[in-house]
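Asks: So I've got this file, start-v4.tsv, and it contains TSV, C-alpha atoms:
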```
chain	number	residue	atom	x	y	z
V	909	MET	CA	24.41	126.18	50.48
V	910	LEU	CA	25.18	122.52	50.90
V	911	ILE	CA	25.93	120.97	54.27
V	912	PRO	CA	28.61	120.08	55.15
V	913	VAL	CA	30.14	123.27	53.85
V	914	GLU	CA	32.98	122.94	51.33
V	915	PRO	CA	35.46	125.81	50.99
V	916	LYS	CA	35.95	127.72	47.76
V	917	LEU	CA	39.60	127.03	46.91
V	918	ARG	CA	41.96	128.89	44.61
V	919	TYR	CA	43.82	127.33	41.69
V	920	MET	CA	47.46	126.83	42.61
V	921	GLY	CA	48.85	128.30	39.37
V	922	ALA	CA	52.25	127.89	37.77
V	923	SER	CA	54.34	130.58	39.46
V	924	PRO	CA	55.98	129.71	42.78
V	925	LYS	CA	54.84	133.03	44.30
V	926	LEU	CA	51.21	132.41	43.32
V	927	GLN	CA	51.43	128.83	44.56
V	928	GLY	CA	52.61	130.02	47.97
V	929	GLU	CA	49.91	132.66	48.29
V	930	ASN	CA	47.17	130.28	47.19
V	931	ARG	CA	48.45	127.45	49.39
V	932	ASP	CA	48.18	129.80	52.40
V	933	TYR	CA	44.69	130.94	51.36
V	934	ASN	CA	43.52	127.35	50.74
V	935	GLU	CA	44.75	126.31	54.19
V	936	VAL	CA	42.69	129.12	55.76
V	937	ALA	CA	39.71	128.14	53.59
V	938	HIS	CA	39.86	124.53	54.82
V	939	ARG	CA	40.16	125.66	58.46
V	940	ALA	CA	37.21	128.05	58.04
V	941	ALA	CA	34.97	125.36	56.51
V	942	TYR	CA	35.94	122.83	59.18
V	943	HIS	CA	35.24	125.34	61.95
V	944	LEU	CA	31.88	126.33	60.44
V	945	ASN	CA	30.85	122.68	60.05
V	946	THR	CA	31.79	122.09	63.70
V	947	LEU	CA	29.68	125.07	64.78
V	948	ILE	CA	26.69	123.85	62.78
V	949	ALA	CA	27.06	120.26	64.00
V	950	ASN	CA	27.11	121.31	67.63
V	951	ASN	CA	24.10	123.64	67.42
V	952	GLU	CA	20.74	121.87	67.51
V	953	SER	CA	18.78	124.79	66.05
V	954	ASP	CA	17.19	124.31	62.62
V	955	THR	CA	18.09	127.89	61.71
V	956	GLN	CA	21.62	129.13	62.32
V	957	GLN	CA	23.49	132.31	61.42
V	958	TYR	CA	27.25	132.83	61.54
V	959	MET	CA	29.24	136.01	60.98
V	960	PHE	CA	32.42	135.84	58.90
V	961	ALA	CA	34.24	138.18	61.32
V	962	ASN	CA	33.55	135.81	64.22
V	963	ILE	CA	34.76	132.77	62.28
V	964	ALA	CA	37.87	134.72	61.23
V	965	ARG	CA	38.56	135.68	64.85
V	966	ASP	CA	38.08	132.08	66.01
V	967	ILE	CA	40.60	130.68	63.52
V	968	GLY	CA	43.02	133.62	63.44
V	969	ALA	CA	42.42	134.62	59.83
V	970	SER	CA	41.26	137.70	57.94
V	971	THR	CA	37.55	138.31	57.52
V	972	ASP	CA	38.10	138.82	53.78
V	973	ASP	CA	39.67	135.37	53.37
V	974	VAL	CA	36.91	133.69	55.39
V	975	ARG	CA	34.22	135.55	53.40
V	976	SER	CA	35.86	134.54	50.13
V	977	ALA	CA	36.13	130.90	51.20
V	978	LEU	CA	32.60	130.51	52.58
V	979	SER	CA	30.32	133.13	51.07
V	980	ASN	CA	27.49	132.21	48.78
V	981	GLY	CA	26.54	135.82	48.24
V	982	GLY	CA	26.26	137.21	51.76
V	983	TYR	CA	28.72	139.90	52.80
V	984	ASN	CA	28.67	139.76	56.60
V	985	GLY	CA	27.75	136.16	57.25
V	986	ILE	CA	25.90	133.05	56.29
V	987	THR	CA	22.54	131.63	57.36
V	988	PHE	CA	21.35	128.03	57.29
V	989	THR	CA	17.64	127.24	57.50
V	990	ASN	CA	15.69	123.99	57.78
V	991	ILE	CA	18.73	121.82	58.47
V	992	SER	CA	17.55	118.31	57.64
V	993	ALA	CA	18.20	114.99	59.37
V	994	GLU	CA	20.25	113.97	56.33
V	995	GLU	CA	22.42	117.07	56.67
V	996	ARG	CA	22.79	116.41	60.41
V	997	LYS	CA	24.01	112.90	59.60
V	998	ALA	CA	26.55	114.32	57.13
V	999	LEU	CA	27.81	116.65	59.90
V	1000	ALA	CA	28.35	113.79	62.37
V	1001	PRO	CA	32.15	113.73	61.90
V	1002	TYR	CA	32.26	117.37	63.06
V	1003	GLY	CA	30.23	116.86	66.23
V	1004	ARG	CA	31.68	116.80	69.72
V	1005	GLU	CA	30.61	115.03	72.83
V	1006	LYS	CA	28.61	117.24	75.14
V	1007	ARG	CA	30.32	118.04	78.40
```
Written as structure tokens, how would this file's structure read?
Replies:
Amino acid sequence: MLIPVEPKLRYMGASPKLQGENRDYNEVAHRAAYHLNTLIANNESDTQQYMFANIARDIGASTDDVRSALSNGGYNGITFTNISAEERKALAPYGREKR
């Protein structure tokens, strides 16, 4: 999976009902990706694992929506290995100052 993580969005569609549902889902997908990128950026480990249920809890969303937005095949979570200096640089906008 590429870093920074990009959410998997849904096509808005033509019907107003579908547009509303997908707009809500896409908003959750963006929040989930932003939160995950922030977690990765602020963890110095080269190997990191995150559970979809924990991300969902953190952002107040359903685990199914978070899984759908972020999963690249894993059911319970996602693992990143060998995070490169280039990827760290790309995550810079998500980093926070250490307290």
Asks: Using only C-alpha atoms, which of the listed residues (V:Ile986, V:Pro924, V:Ala937, V:Leu910) sits closest to Asp973 of chain V?
Replies: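 That would be V:Ala937, the residue with the smallest distance to Asp973 of chain V.
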Asks: List the spatial neighbours of Glu929 of chain V as a VMD selection string - criterion: any atom at most 12 Å away, only C-alpha atoms, same-chain residues fewer than 4 positions off excluded.
Replies: chain V and resid 917 to 925 933 to 936 973
Asks: Select, from V:Ile991, V:Ala1000, V:Ala969, V:Val913, the residue with the minimum atom-to-atom distance to Ala941 of chain V, counting all atoms listed in the file.
Replies: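 For Ala941 of chain V, the nearest of the candidates is V:Val913.
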Asks: Looking at V:Ser992, V:Arg931, V:Ala940, V:Asn945, which one is nearest to Thr971 of chain V, with distances taken over all atoms listed in the file?
Replies: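 Nearest to Thr971 of chain V: V:Ala940.
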Asks: Any idea what the distance is between atom CA of Arg939 of chain V and atom CA of Pro915 of chain V?
Replies: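 If I compute the distance from atom CA of Arg939 of chain V to atom CA of Pro915 of chain V, I get 8.8 Å.
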Asks: With distances taken over only C-alpha atoms, which residue among V:Gln956, V:Asn951, V:Thr946, V:Gln927 lies nearest Phe988 of chain V?
Replies: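 Distance minimum relative to Phe988 of chain V lands on V:Gln956.
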Asks: Tell me which of V:Asp932, V:Leu947, V:Met959, V:Leu999 sits closest to Arg975 of chain V, counting all atoms listed in the file.
Replies: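 For Arg975 of chain V, the nearest of the given residues is V:Met959.
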Asks: Please compute the atom CA of Tyr942 of chain V-atom CA of Pro1001 of chain V distance, one decimal, in Å.
Replies: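 According to the coordinates, atom CA of Tyr942 of chain V and atom CA of Pro1001 of chain V are separated by 10.2 Å.
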Asks: Restricting the calculation to only C-alpha atoms: of V:Arg1004, V:Ser953, V:Phe960, V:Ile911, which residue gets closest to Tyr983 of chain V?
Replies: V:Phe960
Asks: Could you give me the axis-aligned bounding box of segment 985-1004 of chain V, with 3 Å of padding per side, as centre plus edge lengths in Å to one decimal, as lines of an AutoDock Vina configuration file?
Replies:
```
center_x = 24.0
center_y = 124.5
center_z = 63.0
size_x = 22.6
size_y = 29.3
size_z = 19.4
```
Asks: For a test of reading the model, state the distance in Å between atom CA of Gly1003 of chain V and atom CA of Thr987 of chain V, rounded to one decimal.
Replies: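 So the two atoms, atom CA of Gly1003 of chain V and atom CA of Thr987 of chain V, lie 18.9 Å apart.
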